[in-house]
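Undergrad: There's a structure below that I have some questions on.
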Amino acid sequence: MKSFVVLMLVTFASFLLITPASAINADDLPKYSKVYDEKSDPFKDANAAIKLAQKTQRNVLIEIGGNWCSWCKKMDVFLAENPEVYRKLHSEFVLLKISVSDSNENEAFMKSLPPVLGYPHMYVSTSSGKMLLSKDTAELLVGEQYSKEQWLAFLNKWQSSETKG
């Protein structure tokens, strides 16, 4: 009985160490971090993302794509299936999804960014809005699949220097 209690305590303690602090609840994320919204004002969302990034000392990862984009959907599935990458992304960056589509190209916002090479396309900016990187997400693939190792290396390299441990 004593060994059972010890086992239960160890199991419970390890659950506490793994789950609460590192868990990112998708419900707590701003809408602009969860979905491509064709009706959203990208300038308003970008200002909100920058304010949040300043408050939390993170960089902003801007993801350009849309609900029509098959690779955007594959990336969302990849992130959902790789909790380590998902947690790292949302704890080290403020994700800002910007929708581009035939019905709303968000032309004025897109003119403020370097050219997009394909979709999804990502940019990294500081919390002050300084552009650090324009990235083709194909560079995160190994073969036809997004790579956990490539994603983690990318996130580690481009996270804010203030959040690096």
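By convention in this document, the chains of the structure tokens carry letters A, B, ... by their order, each chain's residues are numbered from 1, and ligands are numbered from 1 in the order they are shown.
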So which residues of chain A fall under strand (DSSP E) by DSSP, listed as a list in words?
TA: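 Everything in chain A that counts as strand (DSSP E) is Asn59, Val60, Leu61, Ile62, Glu63, Ile64, Gly65, Phe93, Val94, Leu95, Leu96, Lys97, Ile98, Ser99, His121, Met122, Tyr123, Val124, Ser125, Met131, Leu132, Leu133, Ser134, Lys135, Asp136, Leu141, Val142, Gln145 and Tyr146 of chain A.
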Undergrad: Which one of A:Thr126, A:Ser91, A:Ser99, A:Gln159 sits closest to Ile50 (chain A) if you count only C-alpha atoms?
TA: A:Thr126
Undergrad: Residues at most 10 Å from Tyr36 (chain A), counting only C-alpha atoms, excluding those fewer than 2 positions away in the same chain, as a ChimeraX atom specification?
TA: /A:31-34,38-40,63-68,72,96-101
Undergrad: List the spatial neighbours of Gln150 (chain A) as JSON, numbers by chain - criterion: any atom at most 12 Å away, only C-alpha atoms, same-chain residues fewer than 4 positions off excluded.
TA: {"A": [85, 137, 138, 139, 140, 141, 142, 143, 145, 146, 154, 155, 156, 157]}
Undergrad: Based on DSSP run over this structure's backbone, return all residues of region 40-131 of chain A in alpha helix (DSSP H), as a ChimeraX atom specification.
TA: /A:42-56,70-81,83-92,107-110
Undergrad: Near Ala49 (chain A), within 9 Å and counting only C-alpha atoms, which residues show up once chain neighbours fewer than 4 positions away are dropped, as a ChimeraX atom specification?
TA: /A:30,32-33,44-45,53-54,60,94-96,127
Undergrad: Taking into account only C-alpha atoms, which residue in the set A:Ala108, A:Arg58, A:Phe93, A:Ser103 is nearest to Asp37 (chain A)?
TA: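 Among the listed residues, A:Ser103 lies closest to Asp37 (chain A).
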Undergrad: Between CA of Thr56 (chain A) and CA of Lys148 (chain A), what is the distance in Å, rounded to a tenth?
TA: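 Atom-to-atom, CA of Thr56 (chain A) to CA of Lys148 (chain A), that is 24.8 Å.
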Undergrad: Between A:Glu92, A:Asp136, A:Glu149, A:Glu107, which has the minimum distance to Phe43 (chain A) (counting only C-alpha atoms)?
TA: A:Glu107
Undergrad: Between CA of Lys111 (chain A) and CA of Ser160 (chain A), what distance in Å does the model show, to one decimal?
TA: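 These two atoms are separated by 25.0 Å.
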Undergrad: Looking at only C-alpha atoms, which of A:Ile62, A:Asp102, A:Asn82, A:Ser70 is the one that sits closest to Met131 (chain A)?
TA: A:Ile62
Undergrad: Can you tell me how far CA of Ser128 (chain A) sits from CA of Leu29 (chain A), in Å to one decimal?
TA: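 Those two atoms sit 20.4 Å apart.
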Undergrad: Between A:Glu84, A:Glu105, A:Leu61, A:Ala26, single out the one closest to Tyr123 (chain A), counting only C-alpha atoms.
TA: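 Using only C-alpha atoms, the shortest distance to Tyr123 (chain A) belongs to A:Leu61.
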